[in-house]
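Take a look at the structure below.
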Amino acid sequence: MAGTSFRKALLGASFLAGLVAAPALAQTAPDGAGDEIIVTATRRETTLQDAPINISAIGAETLARQRIDDVRGLAAFTPGLTVADTGPSSTGNVILRGISSADTSASGANAQSALGIYLGEVPLYLDFKLIDLARVEVLQGPQGTLYGLGTLSGAIRYMPNRPLTDRISLEYHGRYFGVAHGSSPGVNGDATLNLPIVADHIAFRTATGYYDNPGFIDYPYLLQQPGVSNPQPVRGTTAAQGSFGTPADYAANFYRRKDLNYERTFTTRNQLLLQASATAKLFLTYAHQTTDTGGQQANGAGVLGTGRYEAPWRYAEPRSRKADLYAAEFNLGLGHVADLVATAALTNQKIVSQFDNTDLLLDLDYGYEAFPGFSSYNQSTNQYRQFNGEVRLVSTHGGPFSWVIGGFYNNLRQQQQYREYVPGYPEFAGIYRPDNLEYMSFINTRTKEKAVYGEGTLHITDAWQVTGGLRYFEYDAFAQGGTDTPLFSKNTPYPLVVFAPSRIKSGNTGANGTVWKANTSYKFSDALLVYGTYSTGYRTGNVNRVAPCVLPLNTNVQNVCALPNELFYAPDRTRNAEVGARSTLFDKRLQLTASLYRILWKGIQVPSQTVNGAVGITVNGSNARSQGFDVSALLRITPRLSVQGTYSYVDAKLTQDAPGIIVSQGQNYDAFAGDRLPGSAKHTASGQVTYTHPLDHGAEVEATWATSYIGDIYSRVGLRGNGEVIPGYVTHRAAITYRTDRFDIGLFGDNLFDKYAITSVSNDLSSYNQVRTGVVERYYARSVLTPRRLGVDFRVRY
C-alpha cells in the first residue's frame, strides 16, 4: 500500500473529468463511429456482432467516458443486471437475470456465488476497480461449460490492457466533485504507465489509483461511554414514547460523527510481459487493493425520529477490505495445431469489520434490556485464500471444425473469527469478565473443485455453425468450527479466550456431476445474426459458516450454533433456453440487439437461520424459473447526434412450494409456487441522448443527458414473512466535455434532481420500532441511493 505522500502527490492535480455514468447500448456499446469491439468469451477472438451468444461488451473508451469505476457502474449498461447501491463497505448485491433467492441486505455482499467474476483468465472473489481495462464482457445466462465455477446465472470478465513492447505511454485521470448531504469534497486520481524494457521481449505496465469519496450518512447517536451512557434515555411502553431525551441527555450520552460512509480506496495492478516470440508469452501480474469506510450507507427508516441520511446505531461501523492477487499466464503456440494457455493464480482477501450488535441480542430476547445501559458491538475478521489453475488447448488448425479442451482446479479456504461484546453488562449481572466478551466463534472451511471440459464447433457452411460442450466437475468441502459463551460458560474463564476441545466440531460434504451446452447461429448477412443456445450452469454446495452445535445442548447457556442438518447444503443447477438476434441497418446507423430466454433453476440455495441463535445459513429449497427478454438499440440520427436505449424484463419466481423456508422474528413461513424471487427489478430501462459538436484542430465538445429507471424489487421471496416492496425510481444525469486527442476536461452531474431512493433493506418491518421493556430496537435498516454529485473531470494522455 502506498504511503500518504504518494497519495497526496497522485491527488494533488486532481480535478474531475468526465461524463456521467450514463446508460449506453450494452451489447454494442460503440467506442467510436463504426468501431468494432473484439471479445474472447468463446475463448477465441471475434467481433461482438459475430459472437453467437448473448454477451454485452463495454469498451475502454466507454468505461472512461462514463466513469465506470466498479461493478456497481455496470448495471445501467447491461440489461438484466441488478446491482444494489449499498455503499463502499461491500461490492453490493449483484444479480443477473433474477437468479437470486436471498433476502436483500443493506450491508451488501463481498462474494458472488451465483455469478462468476474474472480478471482476465482468473476467477475472483474480489472487486478490483475498473481502471486500464480493454473492455468488460458480461455473459448473460448459465456458463457452466467453459467457465464452470459459480456461473449459475452468467459471468463478468474484466479484460485488462496488456503491456506493449514498442512504445512508452502515460495517462493520468483526475476527478473532483461534491456530494449533496455531505460536508467534504471527493477527489479521485489514477495513472497508467506502459514501459518497454527490452524491445519486442520485455515490457511493464502499471495502473494505480486512489479514490477519496466523501460520505453523506451521519451517526448522531454514538455512545459517549459504552456501558455507562444510556442508549435511550427516555423509555416507554410504545415506540412513540421512547426518545433520545433532552439536549442535556444528548450531551451526557451521545456524540455525532458525520459522513461515515466515506470510501478510501487504494488500488494498483502491475503486469510484466516476458516474450520469447509472438507465440510464446508469459504475463506475471500482481494486483493489490484496500478499501476503508467508517459506516453503512443506510438509515433506520426514521426510527426514534432519525432522518433520511442519519444512522441510528450506537457504535461506528468501520470496515476494512484488503485484497492481493498473484497470477501467471503462459501462452504458447503449438505450430498450426493449437494454442496452449496455462494460468495459475493466488488471491488473498481480508475483511475486518465492526457493527452495532445491540439489536441482534435484543431481538433474541435474552432479557438484556433489563440493564438500562445495555449495548453491544461485534467484531469479525474474515480471510479468504484461493488458489486456482487452468490448462487449456484451443485449436488453430483451421477447417470446418474447431475445438477447446481444458482442465481446471480451485482450492478456496476461508477463516472467520467472530466476537460479541456487551460493555458494562458483566458488572451489572455480577459476572467477572472485564473484557465484556459475551460470545465468540470461529469457523474454518475448505472447498476443492476439479473439472475437465471440452467444446467443439462445426461450421456447416460459412453462415451456419453448431457448437456443443460438456464439463465434468467434482468437489469436496470441509469445515471445522467452535462456539462459546464466556459470560456464562466455565470453559473460558477470564482472561482466557480459547475454545475447549469439546466445543469444536467438524464435518465435510461433496458431490460431482456434468453440465453441457448446445448452440447454433446463422448469419443471414453481415447485418443480421440469429442464434439459439441451450446452456447449463451449476453452483457447488458447501458447508455453512456456522460452528456446529455441541450435543446434547446445554439449555442453561446461550447456544449459537448449527444442528447436524444445518451444517451443509447441496449444489443447485440452472438450464437456459435462449434465442437472440443482432442487426445493423442503414449503413450501421441503427444497431439492434434482442434476446428471449427461459431459465429453470433446481434445488435452489436459499437463506435461512439456525434454530439456535438465529444465525444466517443456506439450505436447499425448491425449484424456480426466470424468463424474460432484453432489447438494446443505438440510432445515429446524424454524425453528431445519437440516441441509445435499453429495456429489460425479468420474471423470476418459484415453481414449487417451499415449506418453512423463510424465517422472521423466530417464526418460519412457507413460500409458494408463483412467489416472485427477491433482489432484482422486473423492469429496467435507460435512455441517453448524445450530441457532439466539432471544433478546430480536431477538438470537440460532447453533451450528454441520460435517464435510468429501476423497477420495484421484493426484499424477500413472495413478500412472505414480513417482506416488502422496495419502490422503483428514476434518476437523471448529464455531462458536457471538451475533448482533444491529448486531453479531456468536463463537467458532470449524477442524480441531478437529488432523488432519494431505497436500494435495499436488512431484516424486515416486523423489527421496525419493536419495543422490549421500553427499549426501541433499531434492527431494521434501509440502504439509500447516492445523492446528487456535481464535479469536474480531466484526463491527460502522453
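Residues in the C-alpha cells are numbered from 1 in each chain, the chains being A, B, ... in the order shown, and ligands are numbered from 1 in the order shown.
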
**OP:** Go through region 362-608 of chain A and collect every residue that DSSP, computed from the backbone, puts in strand (DSSP E or B); the answer should be as a ChimeraX atom specification.
**Re:** /A:377-395,401-421,437-459,464-484,504-525,528-539,542-543,548,561-562,568-569,572-585,590-602,605-608

**OP:** Find the residues near region 574-587 of chain A: any atom within 9 Å, counting only C-alpha atoms, skip ones fewer than 3 places away on the same chain, and give them as a PyMOL selection string.
**Re:** chain A and resi 27+49-50+52-54+141-142+152-153+526-539+590-602+625

Original post:
Restricting the calculation to only C-alpha atoms, which member of A:Thr381, A:Asn491, A:Thr540, A:Ser353 is positioned closest to Thr447 (chain A)?
Top reply: A:Thr540

Original post:
Using only C-alpha atoms, which residues sit within 8 Å of Gly456 (chain A) once same-chain residues fewer than 2 positions away are excluded, as a list of chain:residue names?
Top reply: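 Contacts, in chain order: A:Phe401, A:Ser402, A:Trp403, A:Val404, A:Gly454, A:Leu458, A:Thr467, A:Gly468, A:Gly469.
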
Output file for the residues above (all heavy atoms, as a PDB file, in the first residue's frame):
ATOM      1  N   PHE A 401     -14.008 -27.546 -38.487  1.00  0.00           N
ATOM      2  CA  PHE A 401     -14.213 -27.936 -37.086  1.00  0.00           C
ATOM      3  C   PHE A 401     -13.134 -27.312 -36.203  1.00  0.00           C
ATOM      4  O   PHE A 401     -11.944 -27.380 -36.504  1.00  0.00           O
ATOM      5  CB  PHE A 401     -14.168 -29.463 -36.948  1.00  0.00           C
ATOM      6  CG  PHE A 401     -14.436 -29.931 -35.532  1.00  0.00           C
ATOM      7  CD1 PHE A 401     -15.704 -29.853 -34.994  1.00  0.00           C
ATOM      8  CD2 PHE A 401     -13.408 -30.428 -34.743  1.00  0.00           C
ATOM      9  CE1 PHE A 401     -15.951 -30.269 -33.697  1.00  0.00           C
ATOM     10  CE2 PHE A 401     -13.642 -30.850 -33.444  1.00  0.00           C
ATOM     11  CZ  PHE A 401     -14.927 -30.770 -32.919  1.00  0.00           C
ATOM     12  N   SER A 402     -13.560 -26.681 -35.107  1.00  0.00           N
ATOM     13  CA  SER A 402     -12.637 -26.117 -34.130  1.00  0.00           C
ATOM     14  C   SER A 402     -13.023 -26.621 -32.749  1.00  0.00           C
ATOM     15  O   SER A 402     -14.167 -27.034 -32.528  1.00  0.00           O
ATOM     16  CB  SER A 402     -12.672 -24.580 -34.174  1.00  0.00           C
ATOM     17  OG  SER A 402     -13.982 -24.103 -33.942  1.00  0.00           O
ATOM     18  N   TRP A 403     -12.080 -26.579 -31.817  1.00  0.00           N
ATOM     19  CA  TRP A 403     -12.337 -27.189 -30.514  1.00  0.00           C
ATOM     20  C   TRP A 403     -11.538 -26.495 -29.406  1.00  0.00           C
ATOM     21  O   TRP A 403     -10.552 -25.800 -29.656  1.00  0.00           O
ATOM     22  CB  TRP A 403     -11.983 -28.687 -30.542  1.00  0.00           C
ATOM     23  CG  TRP A 403     -10.627 -28.986 -31.151  1.00  0.00           C
ATOM     24  CD1 TRP A 403     -10.371 -29.289 -32.449  1.00  0.00           C
ATOM     25  CD2 TRP A 403      -9.360 -28.963 -30.490  1.00  0.00           C
ATOM     26  NE1 TRP A 403      -9.018 -29.469 -32.651  1.00  0.00           N
ATOM     27  CE2 TRP A 403      -8.391 -29.276 -31.451  1.00  0.00           C
ATOM     28  CE3 TRP A 403      -8.953 -28.721 -29.181  1.00  0.00           C
ATOM     29  CZ2 TRP A 403      -7.031 -29.361 -31.148  1.00  0.00           C
ATOM     30  CZ3 TRP A 403      -7.610 -28.797 -28.867  1.00  0.00           C
ATOM     31  CH2 TRP A 403      -6.657 -29.107 -29.844  1.00  0.00           C
ATOM     32  N   VAL A 404     -12.014 -26.718 -28.185  1.00  0.00           N
ATOM     33  CA  VAL A 404     -11.333 -26.264 -26.974  1.00  0.00           C
ATOM     34  C   VAL A 404     -11.440 -27.395 -25.959  1.00  0.00           C
ATOM     35  O   VAL A 404     -12.522 -27.945 -25.744  1.00  0.00           O
ATOM     36  CB  VAL A 404     -11.997 -25.002 -26.383  1.00  0.00           C
ATOM     37  CG1 VAL A 404     -11.288 -24.582 -25.094  1.00  0.00           C
ATOM     38  CG2 VAL A 404     -12.001 -23.861 -27.379  1.00  0.00           C
ATOM     39  N   GLY A 454     -14.713 -29.720 -22.494  1.00  0.00           N
ATOM     40  CA  GLY A 454     -14.413 -29.661 -23.920  1.00  0.00           C
ATOM     41  C   GLY A 454     -15.570 -29.029 -24.672  1.00  0.00           C
ATOM     42  O   GLY A 454     -16.732 -29.134 -24.253  1.00  0.00           O
ATOM     43  N   LEU A 458     -18.717 -26.899 -35.263  1.00  0.00           N
ATOM     44  CA  LEU A 458     -18.706 -27.332 -36.650  1.00  0.00           C
ATOM     45  C   LEU A 458     -19.341 -26.241 -37.514  1.00  0.00           C
ATOM     46  O   LEU A 458     -20.493 -25.860 -37.296  1.00  0.00           O
ATOM     47  CB  LEU A 458     -19.490 -28.638 -36.815  1.00  0.00           C
ATOM     48  CG  LEU A 458     -19.619 -29.160 -38.252  1.00  0.00           C
ATOM     49  CD1 LEU A 458     -18.238 -29.505 -38.833  1.00  0.00           C
ATOM     50  CD2 LEU A 458     -20.550 -30.369 -38.298  1.00  0.00           C
ATOM     51  N   THR A 467     -22.408 -25.633 -32.140  1.00  0.00           N
ATOM     52  CA  THR A 467     -21.428 -25.834 -31.076  1.00  0.00           C
ATOM     53  C   THR A 467     -22.024 -26.712 -29.979  1.00  0.00           C
ATOM     54  O   THR A 467     -23.195 -26.570 -29.624  1.00  0.00           O
ATOM     55  CB  THR A 467     -21.009 -24.484 -30.454  1.00  0.00           C
ATOM     56  OG1 THR A 467     -20.376 -23.687 -31.445  1.00  0.00           O
ATOM     57  CG2 THR A 467     -20.048 -24.688 -29.282  1.00  0.00           C
ATOM     58  N   GLY A 468     -21.209 -27.613 -29.450  1.00  0.00           N
ATOM     59  CA  GLY A 468     -21.606 -28.424 -28.305  1.00  0.00           C
ATOM     60  C   GLY A 468     -20.469 -28.495 -27.310  1.00  0.00           C
ATOM     61  O   GLY A 468     -19.288 -28.456 -27.681  1.00  0.00           O
ATOM     62  N   GLY A 469     -20.812 -28.565 -26.014  1.00  0.00           N
ATOM     63  CA  GLY A 469     -19.782 -28.611 -24.978  1.00  0.00           C
ATOM     64  C   GLY A 469     -20.231 -29.435 -23.788  1.00  0.00           C
ATOM     65  O   GLY A 469     -21.422 -29.617 -23.533  1.00  0.00           O
TER      66      GLY A 469
END

Original post:
Which residue gives the smallest distance to Pro123 (chain A) among A:Leu412, A:Val234, A:Leu222, A:Leu48, with only C-alpha atoms counted?
Top reply: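 Closest to Pro123 (chain A) of all the choices is A:Leu412.
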
Original post:
Hey, what's within 8 Å of region 476-478 of chain A if we count only C-alpha atoms and toss same-chain stuff fewer than 2 positions away? As number ranges by chain, please?
Top reply: A: 445-449, 474, 480, 506-511, 542-543

Keeping N, CA and C atoms for every residue in the selection just given, could you write it to a file as a PDB file, in the first residue's frame?
ATOM      1  N   THR A 445     -13.164 -23.228   6.732  1.00  0.00           N
ATOM      2  CA  THR A 445     -13.700 -24.082   5.682  1.00  0.00           C
ATOM      3  C   THR A 445     -12.700 -24.203   4.536  1.00  0.00           C
ATOM      4  N   ARG A 446     -12.826 -25.300   3.805  1.00  0.00           N
ATOM      5  CA  ARG A 446     -12.003 -25.529   2.613  1.00  0.00           C
ATOM      6  C   ARG A 446     -12.881 -26.194   1.561  1.00  0.00           C
ATOM      7  N   THR A 447     -12.865 -25.645   0.346  1.00  0.00           N
ATOM      8  CA  THR A 447     -13.615 -26.219  -0.765  1.00  0.00           C
ATOM      9  C   THR A 447     -12.666 -26.441  -1.935  1.00  0.00           C
ATOM     10  N   LYS A 448     -12.562 -27.690  -2.381  1.00  0.00           N
ATOM     11  CA  LYS A 448     -11.730 -28.032  -3.532  1.00  0.00           C
ATOM     12  C   LYS A 448     -12.626 -28.472  -4.685  1.00  0.00           C
ATOM     13  N   GLU A 449     -12.326 -27.942  -5.865  1.00  0.00           N
ATOM     14  CA  GLU A 449     -13.084 -28.336  -7.053  1.00  0.00           C
ATOM     15  C   GLU A 449     -12.120 -28.686  -8.186  1.00  0.00           C
ATOM     16  N   GLU A 474     -16.169 -32.205  -9.931  1.00  0.00           N
ATOM     17  CA  GLU A 474     -16.351 -32.806  -8.620  1.00  0.00           C
ATOM     18  C   GLU A 474     -15.733 -31.876  -7.577  1.00  0.00           C
ATOM     19  N   GLN A 480     -14.542 -26.835   9.995  1.00  0.00           N
ATOM     20  CA  GLN A 480     -14.308 -27.043  11.426  1.00  0.00           C
ATOM     21  C   GLN A 480     -14.623 -25.734  12.132  1.00  0.00           C
ATOM     22  N   SER A 506     -16.394 -30.739  13.491  1.00  0.00           N
ATOM     23  CA  SER A 506     -16.039 -30.644  12.074  1.00  0.00           C
ATOM     24  C   SER A 506     -16.947 -31.547  11.257  1.00  0.00           C
ATOM     25  N   GLY A 507     -16.937 -31.328   9.948  1.00  0.00           N
ATOM     26  CA  GLY A 507     -17.728 -32.140   9.030  1.00  0.00           C
ATOM     27  C   GLY A 507     -17.322 -31.868   7.607  1.00  0.00           C
ATOM     28  N   ASN A 508     -17.825 -32.683   6.682  1.00  0.00           N
ATOM     29  CA  ASN A 508     -17.481 -32.495   5.276  1.00  0.00           C
ATOM     30  C   ASN A 508     -18.633 -32.935   4.387  1.00  0.00           C
ATOM     31  N   THR A 509     -18.609 -32.461   3.135  1.00  0.00           N
ATOM     32  CA  THR A 509     -19.600 -32.814   2.139  1.00  0.00           C
ATOM     33  C   THR A 509     -18.940 -32.758   0.766  1.00  0.00           C
ATOM     34  N   GLY A 510     -19.608 -33.267  -0.275  1.00  0.00           N
ATOM     35  CA  GLY A 510     -19.054 -33.259  -1.625  1.00  0.00           C
ATOM     36  C   GLY A 510     -20.053 -33.782  -2.627  1.00  0.00           C
ATOM     37  N   ALA A 511     -19.762 -33.589  -3.911  1.00  0.00           N
ATOM     38  CA  ALA A 511     -20.641 -34.064  -4.975  1.00  0.00           C
ATOM     39  C   ALA A 511     -19.874 -33.984  -6.292  1.00  0.00           C
ATOM     40  N   ASN A 542     -21.849 -26.489  -0.182  1.00  0.00           N
ATOM     41  CA  ASN A 542     -20.759 -26.118   0.707  1.00  0.00           C
ATOM     42  C   ASN A 542     -21.164 -26.363   2.150  1.00  0.00           C
ATOM     43  N   VAL A 543     -20.296 -25.910   3.029  1.00  0.00           N
ATOM     44  CA  VAL A 543     -20.501 -26.012   4.466  1.00  0.00           C
ATOM     45  C   VAL A 543     -20.904 -24.637   4.976  1.00  0.00           C
TER      46      VAL A 543
END

**OP:** Mind the document's chain letters and residue numbers, and return as a ChimeraX atom specification the residues of region 231-434 of chain A that DSSP labels helix (DSSP H, G or I).
**Re:** /A:239-241,247-253,303-305,358-363,368-370,425-429

Original post:
Quick one: residues within 10 Å of Ala51 (chain A), only C-alpha atoms counted, chain neighbours fewer than 4 positions away excluded, as a PyMOL selection string?
Top reply: chain A and resi 38-42+44-47+55+521+529+531+582

**OP:** Counting only C-alpha atoms, figure out which residue out of A:Pro160, A:Gly728, A:Gly373, A:Gly679 gets nearest to Ala134 (chain A).
**Re:** A:Pro160

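Distances to Asp85 (chain A) were evaluated for A:Leu273, A:Ala298, A:Leu567, A:Ile99 using only C-alpha atoms, and the minimum falls at A:Ala298.
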
**OP:** Go through A:Asp249, A:Val228, A:Leu332, A:Leu719 one by one, measure the shortest atom-to-atom distance of each to Pro423 (chain A) using only C-alpha atoms, and give the residue with the smallest value.
**Re:** A:Val228

Original post:
Do you know which residues are at most 9 Å from region 181-192 of chain A counting only C-alpha atoms, after dropping those on the same chain fewer than 4 positions away, and could you put them as a VMD selection string?
Top reply: chain A and resid 7 10 to 16 131 to 132 169 to 177 205 to 218 258 to 259 267 309 787 to 788 791

Take the residues just selected and output them with N, CA and C atoms as a CSV table (one decimal), in the first residue's frame.
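File out-v5.csv, as written:
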chain,number,residue,atom,x,y,z
A,7,ARG,N,0.0,9.3,-2.1
A,7,ARG,CA,-1.5,9.5,-2.4
A,7,ARG,C,-1.7,11.0,-2.6
A,10,LEU,N,-0.5,11.9,-6.0
A,10,LEU,CA,-1.3,11.4,-7.0
A,10,LEU,C,-2.6,12.3,-7.1
A,11,LEU,N,-3.1,12.8,-6.0
A,11,LEU,CA,-4.3,13.5,-6.0
A,11,LEU,C,-4.1,15.0,-6.2
A,12,GLY,N,-2.9,15.5,-6.0
A,12,GLY,CA,-2.7,16.9,-6.0
A,12,GLY,C,-3.2,17.7,-7.1
A,13,ALA,N,-3.1,17.1,-8.3
A,13,ALA,CA,-3.5,17.8,-9.5
A,13,ALA,C,-5.0,17.4,-9.9
A,14,SER,N,-5.6,16.7,-9.1
A,14,SER,CA,-6.9,16.0,-9.4
A,14,SER,C,-8.0,17.0,-9.5
A,15,PHE,N,-8.5,17.2,-10.7
A,15,PHE,CA,-9.8,17.8,-10.9
A,15,PHE,C,-10.6,16.6,-11.6
A,16,LEU,N,-11.8,16.7,-11.6
A,16,LEU,CA,-12.5,15.6,-12.3
A,16,LEU,C,-12.7,15.8,-13.7
A,131,ILE,N,-9.9,0.1,-13.8
A,131,ILE,CA,-9.0,1.1,-14.4
A,131,ILE,C,-8.1,0.3,-15.4
A,132,ASP,N,-7.8,1.0,-16.5
A,132,ASP,CA,-6.9,0.4,-17.5
A,132,ASP,C,-7.4,-0.9,-18.0
A,169,SER,N,3.9,4.9,-22.9
A,169,SER,CA,2.7,5.7,-22.8
A,169,SER,C,2.4,6.0,-21.4
A,170,LEU,N,1.7,7.1,-21.2
A,170,LEU,CA,1.3,7.6,-19.8
A,170,LEU,C,0.0,8.2,-19.9
A,171,GLU,N,-0.9,7.9,-19.0
A,171,GLU,CA,-2.2,8.5,-19.0
A,171,GLU,C,-2.6,8.8,-17.5
A,172,TYR,N,-3.1,10.0,-17.3
A,172,TYR,CA,-3.5,10.4,-15.9
A,172,TYR,C,-4.9,10.9,-16.0
A,173,HIS,N,-5.7,10.5,-15.0
A,173,HIS,CA,-7.1,10.9,-14.9
A,173,HIS,C,-7.3,11.4,-13.5
A,174,GLY,N,-8.1,12.5,-13.4
A,174,GLY,CA,-8.4,13.1,-12.1
A,174,GLY,C,-9.9,13.5,-12.0
A,175,ARG,N,-10.4,13.6,-10.8
A,175,ARG,CA,-11.8,13.8,-10.6
A,175,ARG,C,-12.0,14.6,-9.3
A,176,TYR,N,-12.8,15.7,-9.3
A,176,TYR,CA,-13.1,16.5,-8.1
A,176,TYR,C,-14.5,16.8,-8.1
A,177,PHE,N,-15.2,16.5,-7.0
A,177,PHE,CA,-16.7,16.6,-7.0
A,177,PHE,C,-17.2,16.8,-5.6
A,205,ARG,N,3.7,-2.8,-17.3
A,205,ARG,CA,2.6,-1.9,-17.3
A,205,ARG,C,2.0,-1.8,-15.9
A,206,THR,N,1.7,-0.6,-15.4
A,206,THR,CA,1.1,-0.4,-14.1
A,206,THR,C,0.0,0.6,-14.2
A,207,ALA,N,-1.1,0.3,-13.4
A,207,ALA,CA,-2.2,1.2,-13.3
A,207,ALA,C,-2.5,1.3,-11.8
A,208,THR,N,-2.5,2.6,-11.3
A,208,THR,CA,-2.6,2.8,-9.9
A,208,THR,C,-3.5,4.0,-9.6
A,209,GLY,N,-4.4,3.8,-8.6
A,209,GLY,CA,-5.3,4.9,-8.4
A,209,GLY,C,-5.7,5.0,-6.9
A,210,TYR,N,-6.3,6.2,-6.5
A,210,TYR,CA,-6.7,6.4,-5.2
A,210,TYR,C,-8.1,7.1,-5.3
A,211,TYR,N,-9.1,6.6,-4.5
A,211,TYR,CA,-10.4,7.1,-4.5
A,211,TYR,C,-10.8,7.6,-3.1
A,212,ASP,N,-10.9,8.9,-3.0
A,212,ASP,CA,-11.4,9.5,-1.7
A,212,ASP,C,-12.8,10.0,-1.9
A,213,ASN,N,-13.7,9.2,-1.7
A,213,ASN,CA,-15.1,9.5,-2.0
A,213,ASN,C,-15.8,9.9,-0.7
A,214,PRO,N,-16.4,11.1,-0.6
A,214,PRO,CA,-17.0,11.5,0.7
A,214,PRO,C,-18.3,10.8,1.0
A,215,GLY,N,-18.5,10.7,2.3
A,215,GLY,CA,-19.8,10.1,2.8
A,215,GLY,C,-20.9,11.1,3.0
A,216,PHE,N,-22.1,10.7,3.3
A,216,PHE,CA,-23.2,11.6,3.5
A,216,PHE,C,-24.1,11.0,4.6
A,217,ILE,N,-23.8,9.9,5.2
A,217,ILE,CA,-24.6,9.4,6.3
A,217,ILE,C,-23.9,9.7,7.6
A,218,ASP,N,-24.7,10.4,8.5
A,218,ASP,CA,-24.2,10.8,9.8
A,218,ASP,C,-24.6,9.8,10.8
A,258,LYS,N,-19.9,12.7,11.4
A,258,LYS,CA,-20.5,13.0,10.1
A,258,LYS,C,-19.9,12.1,9.0
A,259,ASP,N,-20.7,11.9,8.0
A,259,ASP,CA,-20.3,11.3,6.7
A,259,ASP,C,-19.5,10.0,6.8
A,267,THR,N,-5.7,1.3,-5.1
A,267,THR,CA,-5.7,0.1,-6.0
A,267,THR,C,-4.5,0.2,-6.9
A,309,TYR,N,-30.7,10.7,6.1
A,309,TYR,CA,-29.3,10.5,5.9
A,309,TYR,C,-28.6,10.4,7.3
A,787,PRO,N,-26.8,10.4,-3.3
A,787,PRO,CA,-27.4,11.6,-3.7
A,787,PRO,C,-26.7,12.3,-4.8
A,788,ARG,N,-27.1,13.5,-5.1
A,788,ARG,CA,-26.6,14.3,-6.2
A,788,ARG,C,-25.1,14.5,-6.1
A,791,GLY,N,-19.4,17.7,-10.4
A,791,GLY,CA,-18.0,17.8,-10.3
A,791,GLY,C,-17.4,18.1,-11.7

**OP:** State, in Å with one decimal place, the distance from CA of Thr290 (chain A) to CA of Ser107 (chain A).
**Re:**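 That distance, rounded to one decimal, is 17.9 Å.
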